[in-house]
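*Asks:* This is the structure I have questions about; it appears just below.
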Amino acid sequence: MVQQFANTGNPALLGTPEAIANPDLVKPEQVTSVEVGYRGKFDKLIVDFSAYYNQYKDFISQEVVIAPYYGTVGDNGLSIQAIANGDFQTYSAYTNSSADVGSYGASLGLSTKVLGDFDLGGSYTFTKQDFDQASDPHLMTSFNTP
């Protein structure tokens, strides 16, 4: 709703029940994970491989919230007027997403000894997050992984 308000300037968008935040409703996020890996040595080459898949329920994300400086949120009166006048503060609040959120990835590391006792190695990591944007258009996952 906040993004729609920002795009249109229409304060009527903020009078709906969906636009009113309730911070007491955030539930713990749950994740089901599967991970497999292999580490082995082939002559002088050490190979380290792993892959994972995660499926989240009640994924915790942030939504931008508008707080009017006067009026009561949800009164469809003075608070809407405050927002229409630009008398508000925006901040981010945590919420649970109804979208199915999954993430998966893999990494491959190779290392060997060179020039006697020097280690030479490298690695590559691929990671991806998938979710149905249409089921929760305001979802911002802030996905971060090493």
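Residues in the structure tokens are named by chain (A, B, ... in the order shown) and by number from 1 within that chain; ligands are numbered from 1 in the order shown.
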Output as CSV one row per residue of segment 54-127 of chain A within 7 Å of segment 22-46 of chain A: the closest atom pair and its distance in Å to one decimal place, counting only C-alpha atoms, sorted by chain and residue number ascending.

*Replies:*
```
residue,atom,partner,partner_atom,distance
A:Asn54,CA,A:Ser33,CA,4.4
A:Gln55,CA,A:Thr32,CA,5.3
A:Tyr56,CA,A:Val31,CA,4.4
A:Lys57,CA,A:Gln30,CA,5.1
A:Asp58,CA,A:Glu29,CA,4.9
A:Phe59,CA,A:Glu29,CA,5.2
A:Ile60,CA,A:Glu29,CA,6.0
A:Thr95,CA,A:Val26,CA,5.3
A:Asn96,CA,A:Val26,CA,5.8
A:Leu110,CA,A:Ile46,CA,5.7
A:Ser111,CA,A:Ile46,CA,5.2
A:Thr112,CA,A:Leu45,CA,4.9
A:Lys113,CA,A:Lys44,CA,6.9
```

*Asks:* For the selection just defined, write its residues with N, CA and C atoms to a file, as a PDB file, in the first residue's frame.

*Replies:*
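Now in out.pdb:
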```pdb
ATOM      1  N   ASN A  54      16.176 -25.018   0.727  1.00  0.00           N
ATOM      2  CA  ASN A  54      15.406 -24.577   1.891  1.00  0.00           C
ATOM      3  C   ASN A  54      14.000 -24.202   1.453  1.00  0.00           C
ATOM      4  N   GLN A  55      13.005 -24.569   2.244  1.00  0.00           N
ATOM      5  CA  GLN A  55      11.620 -24.148   2.013  1.00  0.00           C
ATOM      6  C   GLN A  55      11.135 -23.456   3.288  1.00  0.00           C
ATOM      7  N   TYR A  56      10.690 -22.209   3.167  1.00  0.00           N
ATOM      8  CA  TYR A  56      10.300 -21.403   4.322  1.00  0.00           C
ATOM      9  C   TYR A  56       8.781 -21.346   4.476  1.00  0.00           C
ATOM     10  N   LYS A  57       8.348 -21.324   5.721  1.00  0.00           N
ATOM     11  CA  LYS A  57       6.948 -21.075   6.067  1.00  0.00           C
ATOM     12  C   LYS A  57       6.949 -19.857   6.991  1.00  0.00           C
ATOM     13  N   ASP A  58       6.011 -18.940   6.794  1.00  0.00           N
ATOM     14  CA  ASP A  58       5.938 -17.704   7.572  1.00  0.00           C
ATOM     15  C   ASP A  58       7.240 -16.908   7.457  1.00  0.00           C
ATOM     16  N   PHE A  59       7.757 -16.820   6.245  1.00  0.00           N
ATOM     17  CA  PHE A  59       8.999 -16.097   5.982  1.00  0.00           C
ATOM     18  C   PHE A  59       8.890 -14.675   6.528  1.00  0.00           C
ATOM     19  N   ILE A  60       9.876 -14.260   7.309  1.00  0.00           N
ATOM     20  CA  ILE A  60       9.867 -12.930   7.893  1.00  0.00           C
ATOM     21  C   ILE A  60      10.552 -11.958   6.932  1.00  0.00           C
ATOM     22  N   THR A  95       7.197  -8.470   9.152  1.00  0.00           N
ATOM     23  CA  THR A  95       5.927  -9.148   8.964  1.00  0.00           C
ATOM     24  C   THR A  95       6.179 -10.524   8.367  1.00  0.00           C
ATOM     25  N   ASN A  96       5.189 -11.396   8.446  1.00  0.00           N
ATOM     26  CA  ASN A  96       5.282 -12.709   7.810  1.00  0.00           C
ATOM     27  C   ASN A  96       4.690 -12.630   6.415  1.00  0.00           C
ATOM     28  N   LEU A 110      38.075 -26.108  -4.914  1.00  0.00           N
ATOM     29  CA  LEU A 110      39.209 -26.923  -5.343  1.00  0.00           C
ATOM     30  C   LEU A 110      40.477 -26.345  -4.727  1.00  0.00           C
ATOM     31  N   SER A 111      41.352 -27.211  -4.241  1.00  0.00           N
ATOM     32  CA  SER A 111      42.625 -26.729  -3.706  1.00  0.00           C
ATOM     33  C   SER A 111      43.702 -27.780  -3.929  1.00  0.00           C
ATOM     34  N   THR A 112      44.937 -27.295  -3.985  1.00  0.00           N
ATOM     35  CA  THR A 112      46.080 -28.174  -4.205  1.00  0.00           C
ATOM     36  C   THR A 112      47.331 -27.485  -3.650  1.00  0.00           C
ATOM     37  N   LYS A 113      48.405 -28.227  -3.560  1.00  0.00           N
ATOM     38  CA  LYS A 113      49.705 -27.673  -3.170  1.00  0.00           C
ATOM     39  C   LYS A 113      50.493 -27.346  -4.442  1.00  0.00           C
TER      40      LYS A 113
END
```

*Asks:* Which residues are near Met140 of chain A? Cut-off 10 Å, only C-alpha atoms, ignore same chain within fewer than 6 positions. Put them as a short mmCIF file (atom, residue, chain, number, x, y, z; two decimals) with N, CA and C atoms, in the first residue's frame.

*Replies:*
```
data_model
loop_
_atom_site.label_atom_id
_atom_site.label_comp_id
_atom_site.auth_asym_id
_atom_site.auth_seq_id
_atom_site.Cartn_x
_atom_site.Cartn_y
_atom_site.Cartn_z
N ILE A 60 9.88 -14.26 7.31
CA ILE A 60 9.87 -12.93 7.89
C ILE A 60 10.55 -11.96 6.93
N SER A 61 9.84 -10.91 6.59
CA SER A 61 10.37 -9.88 5.70
C SER A 61 9.99 -8.52 6.27
N GLN A 62 10.32 -7.48 5.55
CA GLN A 62 10.00 -6.12 5.98
C GLN A 62 9.05 -5.47 4.99
N GLU A 63 8.18 -4.64 5.51
CA GLU A 63 7.32 -3.80 4.69
C GLU A 63 7.48 -2.36 5.15
N VAL A 64 7.39 -1.45 4.21
CA VAL A 64 7.47 -0.03 4.55
C VAL A 64 6.12 0.39 5.13
N SER A 97 5.31 -13.32 5.50
CA SER A 97 4.82 -13.37 4.13
C SER A 97 3.94 -14.60 3.94
N GLN A 133 5.94 -13.82 -6.52
CA GLN A 133 5.76 -12.38 -6.29
C GLN A 133 4.30 -11.98 -6.38
#
```

*Asks:* Please run DSSP on the backbone and report, as a CSV table (one decimal) with N, CA and C atoms, in the first residue's frame, all residues within segment 60-122 of chain A that come out as helix (DSSP H, G or I).

*Replies:*
```csv
chain,number,residue,atom,x,y,z
A,78,LEU,N,-8.7,12.1,10.1
A,78,LEU,CA,-7.5,13.0,10.4
A,78,LEU,C,-6.2,12.3,10.0
A,79,SER,N,-6.0,11.0,10.3
A,79,SER,CA,-4.8,10.4,9.9
A,79,SER,C,-4.5,10.4,8.4
A,80,ILE,N,-5.6,10.2,7.6
A,80,ILE,CA,-5.5,10.2,6.2
A,80,ILE,C,-5.1,11.6,5.7
A,81,GLN,N,-5.7,12.6,6.4
A,81,GLN,CA,-5.4,14.0,6.0
A,81,GLN,C,-4.0,14.3,6.3
A,82,ALA,N,-3.4,13.8,7.5
A,82,ALA,CA,-2.0,14.1,7.8
A,82,ALA,C,-1.1,13.5,6.8
A,83,ILE,N,-1.4,12.3,6.3
A,83,ILE,CA,-0.6,11.7,5.3
A,83,ILE,C,-0.7,12.4,3.9
A,84,ALA,N,-1.9,12.9,3.6
A,84,ALA,CA,-2.1,13.6,2.4
A,84,ALA,C,-1.3,15.0,2.4
```

*Asks:* Which distance in Å separates atom CA of Pro68 of chain A and atom CA of Ala93 of chain A, to one decimal?

*Replies:*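 Computing it gives 15.0 Å between the two atoms.
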
*Asks:* For a test of reading the model, state the distance in Å between atom CA of Ser98 of chain A and atom CA of Phe131 of chain A, rounded to one decimal.

*Replies:* 10.1 Å

*Asks:* Using only C-alpha atoms, which residue out of A:Tyr53, A:Val65, A:Asn76, A:Ser123 lies closest to His138 of chain A?

*Replies:* A:Val65

*Asks:* Running DSSP on the backbone, which parts of chain A land in strand (DSSP E), as a PyMOL selection string?

*Replies:* chain A and resi 30-42+45-57+60-68+88-96+101-114+118-131

*Asks:* Which residue, A:Asn85, A:Ser142, A:Thr8, A:Ser107, has the smallest gap to Thr125 of chain A when you use only C-alpha atoms?

*Replies:*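 The closest residue to Thr125 of chain A is A:Ser107.
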
*Asks:* Compile the contact shell of Thr127 of chain A as a list in words: residues with an atom at most 9 Å away, counting only C-alpha atoms, same-chain residues fewer than 6 positions apart removed.

*Replies:* Ser103, Tyr104, Gly105, Ala106, Ser107 and Thr145 of chain A
